[in-house]
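Okay, start-v8.cif is below, mmCIF, C-alpha atoms:
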data_query
loop_
_atom_site.label_atom_id
_atom_site.label_comp_id
_atom_site.auth_asym_id
_atom_site.auth_seq_id
_atom_site.Cartn_x
_atom_site.Cartn_y
_atom_site.Cartn_z
CA MET H 35 -76.44 7.54 33.99
CA SER H 36 -73.35 8.76 35.79
CA PHE H 37 -69.81 8.17 34.54
CA LEU H 38 -69.11 5.72 37.39
CA ARG H 39 -72.28 3.71 36.78
CA GLU H 40 -71.46 3.47 33.08
CA ALA H 41 -67.94 2.28 33.91
CA LEU H 42 -69.29 -0.32 36.35
CA LEU H 43 -71.80 -1.47 33.72
CA VAL H 44 -68.98 -2.14 31.23
CA ALA H 45 -66.76 -3.76 33.88
CA GLY H 46 -69.63 -5.97 35.00
CA LYS H 47 -70.29 -7.01 31.41
CA ASP H 48 -66.63 -7.94 30.79
CA LEU H 49 -66.32 -9.84 34.08
CA ARG H 50 -69.56 -11.70 33.40
CA ILE H 51 -68.22 -12.73 29.99
CA GLU H 52 -65.05 -14.07 31.64
CA ARG H 53 -67.06 -15.88 34.31
CA ARG H 54 -69.17 -17.57 31.63
CA SER H 55 -66.37 -18.34 29.16
CA ARG H 56 -63.80 -19.30 31.86
CA VAL H 57 -60.98 -18.25 29.53
CA ALA H 58 -59.18 -16.40 32.32
CA LEU H 59 -59.50 -19.40 34.63
CA ALA H 60 -58.75 -22.10 32.09
CA GLN H 61 -56.07 -20.40 30.00
CA ILE H 62 -54.60 -17.19 31.40
CA LEU H 63 -54.16 -18.40 34.99
CA PRO H 64 -52.51 -21.71 34.00
CA PHE H 65 -50.28 -19.80 31.58
CA GLY H 66 -49.09 -17.49 34.37
CA GLY H 67 -48.55 -20.50 36.60
CA ILE H 68 -46.50 -22.29 33.97
CA VAL H 69 -44.30 -19.20 33.51
CA VAL H 70 -43.61 -19.07 37.28
CA VAL H 71 -42.80 -22.80 37.34
CA MET H 72 -40.56 -22.54 34.28
CA PHE H 73 -38.58 -19.73 35.90
CA ALA H 74 -38.18 -21.94 38.99
CA PHE H 75 -36.84 -24.75 36.83
CA ALA H 76 -34.53 -22.39 34.93
CA LEU H 77 -32.90 -21.08 38.13
CA ASP H 78 -33.25 -24.27 40.17
CA ALA H 79 -29.52 -24.97 40.07
CA ASP H 80 -28.93 -21.82 42.05
CA ARG H 81 -31.62 -21.89 44.75
CA THR H 82 -30.11 -18.92 46.54
CA SER H 83 -30.74 -16.62 43.58
CA LEU H 84 -34.47 -17.45 43.31
CA PRO H 85 -35.65 -15.30 46.26
CA ALA H 86 -33.61 -12.36 44.99
CA ALA H 87 -34.95 -12.72 41.46
CA ALA H 88 -38.52 -13.43 42.63
CA PRO H 89 -39.90 -9.85 42.32
CA GLY H 90 -38.70 -9.45 38.72
CA LEU H 91 -39.82 -12.93 37.73
CA PHE H 92 -43.21 -12.38 39.37
CA TRP H 93 -43.87 -9.14 37.45
CA THR H 94 -42.62 -10.67 34.20
CA ALA H 95 -45.12 -13.50 34.64
CA VAL H 96 -47.87 -10.99 35.45
CA PHE H 97 -47.00 -8.96 32.35
CA LEU H 98 -47.12 -11.99 30.05
CA ALA H 99 -50.50 -12.99 31.48
CA ALA H 100 -51.70 -9.38 31.22
CA VAL H 101 -50.99 -9.39 27.48
CA LEU H 102 -53.35 -12.35 27.15
CA ALA H 103 -56.00 -10.67 29.31
CA ILE H 104 -55.81 -7.45 27.29
CA GLY H 105 -56.05 -9.34 24.00
CA ARG H 106 -59.01 -11.29 25.33
CA SER H 107 -60.78 -8.11 26.48
CA PHE H 108 -60.78 -6.76 22.93
CA ALA H 109 -61.24 -10.09 21.15
CA VAL H 110 -64.74 -10.38 22.66
CA GLU H 111 -65.56 -7.03 21.06
CA GLU H 112 -64.64 -8.34 17.61
CA ALA H 113 -67.17 -11.19 17.37
CA ASN H 114 -70.51 -10.07 15.91
CA ARG H 115 -69.04 -6.55 15.66
CA ALA H 116 -69.88 -6.04 19.34
CA ARG H 117 -67.47 -3.10 19.22
CA ASP H 118 -69.98 -1.27 17.00
CA GLY H 119 -72.68 -2.09 19.53
CA LEU H 120 -70.51 -0.56 22.22
CA ARG H 121 -70.10 2.57 20.10
CA LEU H 122 -73.85 2.72 19.50
CA SER H 123 -74.67 2.09 23.14
CA GLY H 124 -74.48 5.79 23.93
CA LEU H 125 -72.01 5.13 26.75
CA ASP H 126 -69.26 7.68 27.36
CA GLY H 127 -65.95 6.66 25.75
CA GLY H 128 -64.05 7.45 28.95
CA ALA H 129 -66.45 5.33 31.00
CA ILE H 130 -66.00 2.42 28.57
CA PHE H 131 -62.23 2.76 29.06
CA VAL H 132 -62.45 2.80 32.85
CA GLY H 133 -64.85 -0.15 32.79
CA LYS H 134 -62.66 -2.29 30.55
CA ALA H 135 -59.51 -1.36 32.49
CA LEU H 136 -61.26 -2.13 35.78
CA ALA H 137 -62.31 -5.58 34.56
CA ILE H 138 -58.75 -6.34 33.41
CA ALA H 139 -57.37 -5.03 36.73
CA VAL H 140 -59.70 -7.28 38.74
CA GLU H 141 -58.64 -10.32 36.68
CA LEU H 142 -54.96 -9.42 37.04
CA PHE H 143 -55.18 -8.81 40.78
CA LEU H 144 -56.78 -12.24 41.31
CA LEU H 145 -54.07 -13.72 39.09
CA GLU H 146 -51.38 -11.97 41.17
CA VAL H 147 -52.76 -13.50 44.37
CA VAL H 148 -52.43 -16.99 42.91
CA LEU H 149 -49.04 -16.32 41.30
CA GLY H 150 -47.84 -14.71 44.54
CA ALA H 151 -48.73 -17.87 46.43
CA ALA H 152 -46.89 -19.93 43.82
CA VAL H 153 -43.81 -17.70 44.10
CA ILE H 154 -43.79 -18.02 47.90
CA ALA H 155 -44.09 -21.79 47.65
CA LEU H 156 -41.63 -22.38 44.80
CA TYR H 157 -39.06 -19.64 45.24
CA GLY H 158 -38.65 -19.86 49.02
CA VAL H 159 -39.62 -16.22 49.53
CA THR H 160 -40.37 -14.98 53.04
CA VAL H 161 -43.13 -12.38 53.04
CA SER H 162 -42.60 -9.14 54.89
CA GLY H 163 -44.05 -5.66 54.46
CA ALA H 164 -47.49 -6.93 53.49
CA LEU H 165 -49.02 -3.43 53.37
CA VAL H 166 -46.47 -2.05 50.92
CA LEU H 167 -46.69 -5.22 48.84
CA VAL H 168 -50.47 -4.88 48.50
CA CYS H 169 -50.27 -1.14 47.74
CA ALA H 170 -47.57 -1.70 45.12
CA ALA H 171 -49.52 -4.56 43.55
CA LEU H 172 -52.73 -2.50 43.38
CA ALA H 173 -51.02 0.55 41.87
CA ALA H 174 -49.02 -1.54 39.38
CA THR H 175 -52.09 -3.52 38.38
CA VAL H 176 -54.09 -0.38 37.66
CA GLY H 177 -51.21 1.04 35.61
CA LEU H 178 -50.80 -2.18 33.67
CA ALA H 179 -54.53 -2.50 32.99
CA ALA H 180 -55.01 1.16 32.02
CA THR H 181 -52.02 1.25 29.66
CA GLY H 182 -52.94 -2.11 28.17
CA THR H 183 -56.51 -0.97 27.55
CA VAL H 184 -55.34 2.07 25.60
CA TYR H 185 -53.02 0.01 23.41
CA GLY H 186 -55.64 -2.72 23.14
CA VAL H 187 -58.14 -0.39 21.47
CA LEU H 188 -55.35 1.15 19.39
CA ALA H 189 -54.63 -2.25 17.85
CA THR H 190 -58.29 -3.21 17.48
CA GLY H 191 -59.29 -4.09 13.96
CA LEU H 192 -55.71 -4.64 12.84
CA ARG H 193 -54.83 -8.05 11.47
CA ALA H 194 -51.53 -7.94 13.33
CA ARG H 195 -53.28 -7.14 16.63
CA ASP H 196 -52.13 -10.27 18.47
CA THR H 197 -48.45 -9.58 17.87
CA LEU H 198 -48.73 -5.80 17.97
CA VAL H 199 -50.21 -5.47 21.47
CA PRO H 200 -47.20 -7.01 23.31
CA LEU H 201 -44.80 -4.95 21.19
CA LEU H 202 -46.63 -1.72 22.01
CA VAL H 203 -47.43 -2.46 25.64
CA LEU H 204 -44.04 -3.71 26.86
CA PRO H 205 -42.11 -0.43 26.38
CA ALA H 206 -45.06 1.57 27.73
CA VAL H 207 -45.35 -0.42 30.96
CA THR H 208 -41.62 -0.56 31.68
CA PRO H 209 -42.10 1.87 34.62
CA VAL H 210 -44.68 -0.52 36.07
CA LEU H 211 -42.41 -3.56 35.78
CA LEU H 212 -39.47 -1.61 37.16
CA GLY H 213 -41.40 0.05 39.98
CA GLY H 214 -43.25 -3.13 40.91
CA SER H 215 -40.06 -5.20 41.00
CA ARG H 216 -38.14 -2.61 43.05
CA ALA H 217 -41.00 -2.05 45.50
CA PHE H 218 -41.42 -5.81 45.98
CA ALA H 219 -37.66 -6.33 46.37
CA ALA H 220 -37.37 -3.59 48.99
CA ALA H 221 -40.42 -4.83 50.90
CA LEU H 222 -39.23 -8.45 50.89
CA GLU H 223 -35.83 -7.33 52.18
CA GLY H 224 -37.64 -5.76 55.12
CA SER H 225 -36.94 -2.18 54.11
CA SER H 226 -40.42 -0.76 53.52
CA SER H 227 -39.16 2.82 53.65
CA ASP H 228 -37.19 2.12 50.45
CA ALA H 229 -40.27 0.64 48.83
CA TRP H 230 -42.68 3.56 49.28
CA PRO H 231 -41.00 5.88 46.73
CA TRP H 232 -41.50 3.14 44.14
CA VAL H 233 -45.13 2.82 45.17
CA GLN H 234 -45.49 6.56 44.68
CA LEU H 235 -44.03 6.19 41.18
CA LEU H 236 -46.53 3.42 40.46
CA VAL H 237 -49.43 5.53 41.73
CA ALA H 238 -48.33 8.51 39.62
CA PHE H 239 -48.01 6.28 36.54
CA SER H 240 -51.43 4.78 37.16
CA VAL H 241 -53.10 8.17 37.59
CA LEU H 242 -51.48 9.48 34.39
CA SER H 243 -52.45 6.33 32.48
CA LEU H 244 -56.05 6.55 33.69
CA ALA H 245 -56.28 10.24 32.80
CA ALA H 246 -54.76 9.80 29.35
CA GLY H 247 -56.88 6.74 28.65
CA THR H 248 -60.09 8.42 29.74
CA MET H 249 -59.47 11.25 27.29
CA ALA H 250 -58.10 9.20 24.39
CA PHE H 251 -60.18 6.03 24.45
CA GLY H 252 -63.39 7.47 22.97
CA PRO H 253 -61.75 8.89 19.83
CA LEU H 254 -59.60 5.75 19.47
CA LEU H 255 -62.69 3.55 19.69
CA GLU H 256 -64.40 5.61 17.00
CA GLU H 257 -61.38 5.36 14.70
CA SER H 258 -60.73 1.65 15.31
CA MET O 10 -65.59 5.17 0.69
CA LEU O 11 -65.37 1.91 -1.25
CA GLY O 12 -61.66 1.73 -1.98
CA ARG O 13 -60.86 4.97 -3.75
CA PHE O 14 -64.45 5.61 -4.76
CA PRO O 15 -67.09 7.33 -2.61
CA ALA O 16 -70.02 5.02 -1.80
CA LEU O 17 -72.33 8.03 -1.69
CA ALA O 18 -71.71 11.33 -3.46
CA GLY O 19 -74.33 14.05 -3.71
CA ALA O 20 -76.82 11.92 -1.78
CA ASP O 21 -79.63 13.99 -0.26
CA LEU O 22 -82.37 12.43 1.87
CA ASP O 23 -84.87 14.12 4.14
CA VAL O 24 -87.02 11.85 6.30
CA GLN O 25 -90.02 13.06 8.29
CA GLU O 26 -90.78 11.72 11.75
CA GLY O 27 -93.06 8.70 11.66
CA GLU O 28 -92.14 7.67 8.13
CA ILE O 29 -91.10 4.16 7.16
CA VAL O 30 -88.65 4.73 4.35
CA LEU O 31 -87.50 1.83 2.20
CA LEU O 32 -83.99 2.13 0.80
CA SER O 33 -83.71 0.06 -2.35
CA GLY O 34 -80.82 -0.35 -4.73
CA ALA O 35 -78.39 -2.83 -6.18
CA ASN O 36 -75.67 -4.58 -4.20
CA GLY O 37 -73.00 -2.04 -3.28
CA ALA O 38 -75.26 0.91 -4.07
CA GLY O 39 -74.65 2.39 -0.63
CA LYS O 40 -77.71 1.35 1.42
CA THR O 41 -75.71 -0.06 4.32
CA THR O 42 -73.29 2.85 4.09
CA LEU O 43 -76.18 5.31 4.42
CA LEU O 44 -77.53 3.52 7.48
CA ARG O 45 -74.09 3.39 9.11
CA LEU O 46 -73.62 7.09 8.36
CA CYS O 47 -76.93 7.84 10.06
CA ALA O 48 -75.76 5.88 13.12
CA GLY O 49 -72.46 7.75 13.17
CA LEU O 50 -70.49 4.55 12.60
CA LEU O 51 -68.90 5.99 9.46
CA PRO O 52 -67.48 9.50 9.21
CA LEU O 53 -68.78 11.94 6.63
CA ARG O 54 -66.02 13.03 4.25
CA SER O 55 -68.12 16.01 3.23
CA GLY O 56 -71.65 17.30 3.67
CA ALA O 57 -73.74 17.10 6.82
CA ALA O 58 -76.09 14.72 8.59
CA GLU O 59 -78.76 15.79 11.06
CA VAL O 60 -80.88 13.50 13.19
CA PHE O 61 -83.90 15.05 14.93
CA GLY O 62 -82.40 18.48 14.29
CA SER O 63 -79.04 17.68 15.90
CA ASP O 64 -75.78 17.62 13.97
CA LEU O 65 -74.40 14.09 14.01
CA ALA O 66 -70.84 15.38 14.08
CA VAL O 67 -71.55 17.43 17.21
CA ASP O 68 -74.15 15.47 19.22
CA ARG O 69 -73.20 11.95 18.21
CA ARG O 70 -73.56 10.46 21.68
CA SER O 71 -77.01 11.86 22.42
CA ILE O 72 -78.22 10.97 18.92
CA ARG O 73 -77.01 7.40 19.36
CA ARG O 74 -79.04 7.12 22.54
CA SER O 75 -82.17 7.86 20.50
CA LEU O 76 -81.54 5.42 17.66
CA ALA O 77 -80.97 1.72 17.14
CA LEU O 78 -79.35 -0.11 14.24
CA VAL O 79 -80.15 -3.68 13.33
CA GLY O 80 -77.44 -4.65 10.87
CA HIS O 81 -75.92 -7.75 9.36
CA GLU O 82 -74.23 -8.47 12.69
CA THR O 83 -76.04 -8.60 16.02
CA PHE O 84 -73.49 -6.59 18.08
CA CYS O 85 -73.96 -9.24 20.80
CA TYR O 86 -71.53 -11.12 23.04
CA ASP O 87 -71.56 -14.84 22.32
CA ASP O 88 -70.77 -15.85 25.91
CA LEU O 89 -73.58 -13.80 27.42
CA SER O 90 -77.16 -15.01 27.50
CA VAL O 91 -79.81 -13.35 25.35
CA HIS O 92 -81.23 -11.71 28.48
CA ASP O 93 -77.83 -10.42 29.60
CA ASN O 94 -77.13 -8.96 26.14
CA ILE O 95 -80.46 -7.15 26.14
CA ARG O 96 -80.03 -5.93 29.72
CA PHE O 97 -76.60 -4.51 28.92
CA ALA O 98 -78.01 -2.55 25.98
CA THR O 99 -81.02 -1.27 27.91
CA ARG O 100 -79.07 -0.32 31.04
CA ALA O 101 -76.72 1.71 28.83
CA VAL O 102 -79.62 4.01 27.98
CA GLY O 103 -81.18 3.89 31.43
CA ARG O 104 -84.12 1.64 30.53
CA ALA O 105 -85.68 -0.66 33.12
CA ALA O 106 -85.48 -4.45 33.23
CA ALA O 107 -89.17 -4.54 32.29
CA ASP O 108 -88.31 -3.07 28.87
CA ALA O 109 -85.92 -5.95 28.21
CA ASP O 110 -88.52 -8.50 29.29
CA ALA O 111 -91.18 -6.86 27.13
CA ALA O 112 -88.91 -6.92 24.08
CA LEU O 113 -88.12 -10.60 24.66
CA GLU O 114 -91.83 -11.34 24.88
CA ARG O 115 -92.66 -9.32 21.77
CA LEU O 116 -90.03 -11.09 19.67
CA ALA O 117 -91.08 -14.49 21.07
CA LEU O 118 -87.65 -15.07 22.59
CA GLY O 119 -88.73 -16.00 26.10
CA ARG O 120 -87.77 -19.65 25.59
CA VAL O 121 -84.14 -18.79 24.77
CA ALA O 122 -83.72 -15.87 27.18
CA ARG O 123 -81.16 -17.76 29.31
CA VAL O 124 -79.34 -19.34 26.35
CA ALA O 125 -75.93 -17.98 25.35
CA HIS O 126 -76.11 -15.87 22.19
CA GLY O 127 -73.41 -18.00 20.59
CA ARG O 128 -75.67 -21.07 20.71
CA LEU O 129 -78.57 -19.48 18.83
CA SER O 130 -79.54 -20.11 15.22
CA GLN O 131 -79.08 -17.36 12.65
CA GLY O 132 -82.78 -16.55 12.68
CA GLN O 133 -82.91 -16.35 16.46
CA ARG O 134 -79.90 -14.03 16.44
CA ARG O 135 -81.68 -11.68 14.05
CA ARG O 136 -84.63 -11.58 16.40
CA VAL O 137 -82.37 -10.88 19.36
CA ALA O 138 -80.85 -7.94 17.50
CA LEU O 139 -84.32 -6.53 16.86
CA ALA O 140 -85.32 -7.16 20.48
CA ILE O 141 -82.29 -5.20 21.67
CA ALA O 142 -83.19 -2.36 19.33
CA LEU O 143 -86.79 -2.24 20.57
CA ALA O 144 -85.83 -2.54 24.24
CA ARG O 145 -83.86 0.70 23.89
CA ASP O 146 -87.10 2.39 22.71
CA PRO O 147 -85.42 4.30 19.87
CA ARG O 148 -87.01 7.19 18.03
CA LEU O 149 -85.10 6.20 14.89
CA LEU O 150 -84.91 2.56 13.87
CA LEU O 151 -82.32 1.68 11.22
CA LEU O 152 -82.92 -1.76 9.73
CA ASP O 153 -80.48 -3.38 7.32
CA GLU O 154 -82.01 -6.40 5.58
CA PRO O 155 -84.23 -7.23 8.56
CA HIS O 156 -85.91 -10.17 6.80
CA ALA O 157 -82.68 -11.96 5.89
CA GLY O 158 -82.32 -15.39 7.47
CA LEU O 159 -85.78 -15.36 9.03
CA ASP O 160 -88.52 -17.96 8.67
CA GLU O 161 -92.11 -17.02 7.86
CA GLN O 162 -92.98 -16.43 11.51
CA GLY O 163 -89.90 -14.29 12.02
CA ARG O 164 -90.69 -12.19 8.96
CA SER O 165 -94.20 -11.68 10.21
CA VAL O 166 -92.88 -10.49 13.59
CA VAL O 167 -90.51 -8.06 11.87
CA ASP O 168 -93.33 -6.74 9.68
CA ASP O 169 -95.54 -6.20 12.72
CA VAL O 170 -92.76 -4.34 14.53
CA VAL O 171 -92.11 -2.06 11.56
CA ARG O 172 -95.80 -1.39 10.92
CA ALA O 173 -96.32 -0.47 14.58
CA ALA O 174 -93.32 1.87 14.59
CA PRO O 175 -95.08 5.16 13.64
CA ALA O 176 -97.75 4.63 16.30
CA GLU O 177 -94.98 4.04 18.83
CA GLY O 178 -93.29 7.30 17.87
CA ARG O 179 -90.57 5.74 15.76
CA THR O 180 -89.18 6.61 12.36
CA VAL O 181 -87.83 3.73 10.30
CA LEU O 182 -85.14 3.59 7.64
CA LEU O 183 -85.23 0.15 6.09
CA ALA O 184 -82.72 -1.21 3.57
CA SER O 185 -83.83 -4.33 1.78
CA HIS O 186 -83.45 -6.42 -1.33
CA GLU O 187 -86.72 -8.19 -0.64
CA LEU O 188 -88.75 -5.46 -2.22
CA ASP O 189 -92.04 -7.34 -2.47
CA ILE O 190 -92.14 -7.68 1.31
CA ALA O 191 -90.56 -4.36 2.17
CA ARG O 192 -92.87 -2.32 -0.07
CA GLN O 193 -95.85 -3.65 1.85
CA ILE O 194 -94.67 -2.11 5.09
CA ALA O 195 -92.90 1.04 3.86
CA THR O 196 -94.71 4.36 3.52
CA ARG O 197 -92.14 5.67 1.05
CA GLU O 198 -89.38 4.27 -1.15
CA VAL O 199 -86.14 5.83 -2.27
CA ARG O 200 -83.67 4.14 -4.59
CA ILE O 201 -79.95 4.58 -4.20
CA ALA O 202 -78.02 4.44 -7.45
CA ALA O 203 -74.72 5.93 -8.58
CA GLY O 204 -74.20 7.39 -5.11
CA ARG O 205 -77.41 9.43 -5.20
CA VAL O 206 -80.85 9.09 -3.69
CA HIS O 207 -83.79 8.91 -6.10
CA GLU O 208 -87.38 9.30 -4.96
CA MET O 209 -89.60 6.45 -6.16
CA PRO O 210 -93.29 6.84 -6.99
CA PRO O 211 -95.65 6.00 -4.11
CA THR O 212 -96.51 2.33 -3.84
CA ALA O 213 -100.10 1.25 -4.39
CA ASP O 214 -102.41 0.32 -1.54
CA PRO O 215 -100.30 -2.18 0.37
CA GLN O 216 -103.17 -4.12 1.93
CA PRO O 217 -103.84 -6.61 -0.94
CA ALA O 218 -100.14 -7.39 -1.25
CA ARG O 219 -99.86 -7.88 2.49
CA ALA O 220 -102.74 -10.31 2.43
CA GLU O 221 -101.01 -12.12 -0.37
CA VAL O 222 -97.84 -12.61 1.63
CA HIS O 223 -99.63 -13.99 4.62
CA ALA O 224 -101.79 -16.30 2.54
#
Rewritten as structure tokens:
Amino acid sequence: MSFLREALLVAGKDLRIERRSRVALAQILPFGGIVVVMFAFALDADRTSLPAAAPGLFWTAVFLAAVLAIGRSFAVEEANRARDGLRLSGLDGGAIFVGKALAIAVELFLLEVVLGAAVIALYGVTVSGALVLVCAALAATVGLAATGTVYGVLATGLRARDTLVPLLVLPAVTPVLLGGSRAFAAALEGSSSDAWPWVQLLVAFSVLSLAAGTMAFGPLLEES
Amino acid sequence: MLGRFPALAGADLDVQEGEIVLLSGANGAGKTTLLRLCAGLLPLRSGAAEVFGSDLAVDRRSIRRSLALVGHETFCYDDLSVHDNIRFATRAVGRAAADADAALERLALGRVARVAHGRLSQGQRRRVALAIALARDPRLLLLDEPHAGLDEQGRSVVDDVVRAAPAEGRTVLLASHELDIARQIATREVRIAAGRVHEMPPTADPQPARAEVHA
């Protein structure tokens, strides 16, 4: 089986688990929504600052939800020692990484669509530069998912996993949060030309994260 | 390693293709460790392990595609149905959907094929684990306490699967505490004690004992 088919097999498995368990729908999505609403309440006194702060608040909410999605992706591998089954499956370690990252990215992108709608409705944001917004969101999502997947497997099997993953992931994805916020801010201000360099940074980060993860995930899974 | 002590030290075991080898020994003797070493789930601190002539440290991935381990845990996803769990395992090694269906049929799991793994009884889970192993059509079958938690019918199904293994081109390594049952289906027994493997004398004609169990 080819690398891509193996990756799609793993992604399909993870997405099917989420569809059946509805954890993403019933817990992660509401959590992200609550974060967006809480930010709106916190800055409600100064309505004029909400649109300006919207990009940063949006990506902070996405990051917090991503931590839950990453934790969930590896928690399902803990029950019944499914992680050992994954190791014994004969699948390529790099393909397992791409598959798990792809599943997280799909969940996050759907989450971003809903949170984006909430931000537009609650923060009074006027959308402009749709193309650059979508490109930035896609690149940032891939970077977030790929980096999170690497740190997710790194913390697998540790008792402190739940608290360790956010601590490890936050510094590592700072370029994503920074690039995503700046690209969104520039696009929403109607200056797409200022946004594209940030999109390029996000793409470069995502490619590097995918490459590093593809190489490192297999050995990390074996050592976890 | 068990803490600071090696679980196996100086252990030497050579298994021929088509054998059904029973691993006996006290709790903590190293039976499960040996099986997990054979599957490449534990690293060797020293020595070497070869499966079908390939070095486990070098060809781990290809070796894993030709073996299956049925351990204390099922390696299954609770939120996926029995069928989905088996299909995931079989697709990983390029087997067809028919192999998954055949394994479900053989282990009498057709009735629960669409039920989530997490809703199954302990005995049903053990059967699912064996079904997954068979659906992958492994040349080497590693069984760790395969009779544990099974009713009489389940034990009989396991025995039939193990007995049929040589004819199906499989080699079996079987760790068990239920020696009366396991000796009836094994072609050879080795005992693990003090980290080493000791050859046991051949068991007597297993047929009378088998008849006794099924009586």
Within 12 Å of (-82.6, -2.2, 33.7) (file coordinates; all atoms listed in the file), which protein or nucleic acid residues are there? I'd like them as a PyMOL selection string.
(chain H and resi 35+43) or (chain O and resi 92-111+144-145)
I'd like the interatomic distance between atom CA of Gln133 of chain O and atom CA of Ile72 of chain O, to a tenth of an Å.
27.8 Å
Looking at only C-alpha atoms, which of O:Gly39, O:Glu26, O:Ser185, O:His126 is the one that sits closest to chain H?
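Among the listed residues, O:His126 lies closest to chain H.
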Residues of chain H that approach chain O to 12 Å or less, counting all atoms listed in the file: could you list each one with the shortest pair of atoms and its distance in Å to one decimal, rows by chain and increasing residue number, as a tab-separated table?
residue	atom	partner	partner_atom	distance
H:Met35	CA	O:Gly103	CA	6.5
H:Ser36	CA	O:Gly103	CA	10.2
H:Phe37	CA	O:Ala101	CA	11.0
H:Arg39	CA	O:Ala101	CA	9.3
H:Glu40	CA	O:Ala101	CA	7.0
H:Ala41	CA	O:Ala101	CA	10.2
H:Leu42	CA	O:Ala101	CA	10.8
H:Leu43	CA	O:Phe97	CA	7.4
H:Val44	CA	O:Phe97	CA	8.3
H:Ala45	CA	O:Phe97	CA	11.0
H:Gly46	CA	O:Phe97	CA	9.4
H:Lys47	CA	O:Phe97	CA	7.2
H:Asp48	CA	O:Leu89	CA	9.7
H:Leu49	CA	O:Leu89	CA	10.6
H:Arg50	CA	O:Leu89	CA	7.5
H:Ile51	CA	O:Asp88	CA	5.7
H:Glu52	CA	O:Asp88	CA	8.3
H:Arg53	CA	O:Asp88	CA	9.2
H:Arg54	CA	O:Asp88	CA	6.2
H:Ser55	CA	O:Asp88	CA	6.0
H:Arg56	CA	O:Asp88	CA	9.8
H:Val57	CA	O:Asp88	CA	10.7
H:Ser107	CA	O:Tyr86	CA	11.7
H:Phe108	CA	O:Tyr86	CA	11.6
H:Ala109	CA	O:Tyr86	CA	10.5
H:Val110	CA	O:Tyr86	CA	6.8
H:Glu111	CA	O:Tyr86	CA	7.5
H:Glu112	CA	O:Phe84	CA	9.0
H:Ala113	CA	O:Tyr86	CA	7.2
H:Asn114	CA	O:Phe84	CA	5.1
H:Arg115	CA	O:Phe84	CA	5.1
H:Ala116	CA	O:Phe84	CA	3.9
H:Arg117	CA	O:Phe84	CA	7.1
H:Asp118	CA	O:Phe84	CA	6.5
H:Gly119	CA	O:Phe84	CA	4.8
H:Leu120	CA	O:Phe84	CA	7.9
H:Arg121	CA	O:Leu50	CA	7.8
H:Leu122	CA	O:Arg73	CA	5.6
H:Ser123	CA	O:Ala101	CA	6.1
H:Gly124	CA	O:Arg74	CA	4.9
H:Leu125	CA	O:Ala101	CA	6.2
H:Asp126	CA	O:Arg70	CA	7.6
H:Gly127	CA	O:Arg70	CA	9.4
H:Ala129	CA	O:Ala101	CA	11.1
H:Ile130	CA	O:Ala101	CA	10.7
H:Gly252	CA	O:Arg70	CA	10.7
H:Pro253	CA	O:Arg69	CA	12.0
H:Leu255	CA	O:Leu50	CA	10.6
H:Glu256	CA	O:Leu50	CA	7.6
H:Glu257	CA	O:Leu51	CA	9.2
H:Ser258	CA	O:Leu50	CA	10.5
Let me know the residues the PyMOL selection byres ((chain O and resi 202) around 8) catches in the file above, as a PyMOL selection string.
chain O and resi 34-35+38-39+200-201+203-207
Could you give me, as a PyMOL selection string, the residues within 7 Å of segment 139-141 of chain H, counting all atoms listed in the file and dropping anything in the same chain fewer than 4 positions from it?
chain H and resi 135+145+175-176+179
Take the selection from the previous step and output its residues with C-alpha atoms, as a CSV table (one decimal), in the frame of the given file.
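Written file, result.csv:
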chain,number,residue,atom,x,y,z
H,135,ALA,CA,-59.5,-1.4,32.5
H,145,LEU,CA,-54.1,-13.7,39.1
H,175,THR,CA,-52.1,-3.5,38.4
H,176,VAL,CA,-54.1,-0.4,37.7
H,179,ALA,CA,-54.5,-2.5,33.0
To one decimal place in Å, what is the distance between atom CA of Gly186 of chain H and atom CA of Glu146 of chain H?
20.7 Å
I'd like to know which of O:Pro210, O:Ser130, O:Ser33, O:Arg172 is closest to Asp160 of chain O, using only C-alpha atoms.
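Result for the nearest residue to Asp160 of chain O: O:Ser130.
Those residues positioned at most 9 Å from (-91.4, 8.6, -1.2) are Val30, Leu31, Thr196, Arg197, Glu198, Val199, Glu208, Met209, Pro210, Pro211 and Thr212 of chain O, judged using only C-alpha atoms.
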Could those selected residues go to a file with C-alpha atoms, as a short mmCIF file (atom, residue, chain, number, x, y, z; two decimals), in the coordinates of the input?
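Contents of again-v2.cif, freshly written:
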data_model
loop_
_atom_site.label_atom_id
_atom_site.label_comp_id
_atom_site.auth_asym_id
_atom_site.auth_seq_id
_atom_site.Cartn_x
_atom_site.Cartn_y
_atom_site.Cartn_z
CA VAL O 30 -88.65 4.73 4.35
CA LEU O 31 -87.50 1.83 2.20
CA THR O 196 -94.71 4.36 3.52
CA ARG O 197 -92.14 5.67 1.05
CA GLU O 198 -89.38 4.27 -1.15
CA VAL O 199 -86.14 5.83 -2.27
CA GLU O 208 -87.38 9.30 -4.96
CA MET O 209 -89.60 6.45 -6.16
CA PRO O 210 -93.29 6.84 -6.99
CA PRO O 211 -95.65 6.00 -4.11
CA THR O 212 -96.51 2.33 -3.84
#
Mind giving me the straight-line distance from atom CA of Trp93 of chain H to atom CA of Ser215 of chain H in Å, one decimal?
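The value is 6.5 Å.
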Hits from the PyMOL selection byres ((chain O and resi 44) around 8), listed as a list of chain:residue names:
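Going through the file, the PyMOL selection byres ((chain O and resi 44) around 8) ends up selecting O:Lys40, O:Thr41, O:Thr42, O:Leu43, O:Arg45, O:Leu46, O:Cys47, O:Ala48, O:Leu78, O:Leu151, O:Leu152, O:Asp153, O:Leu182.
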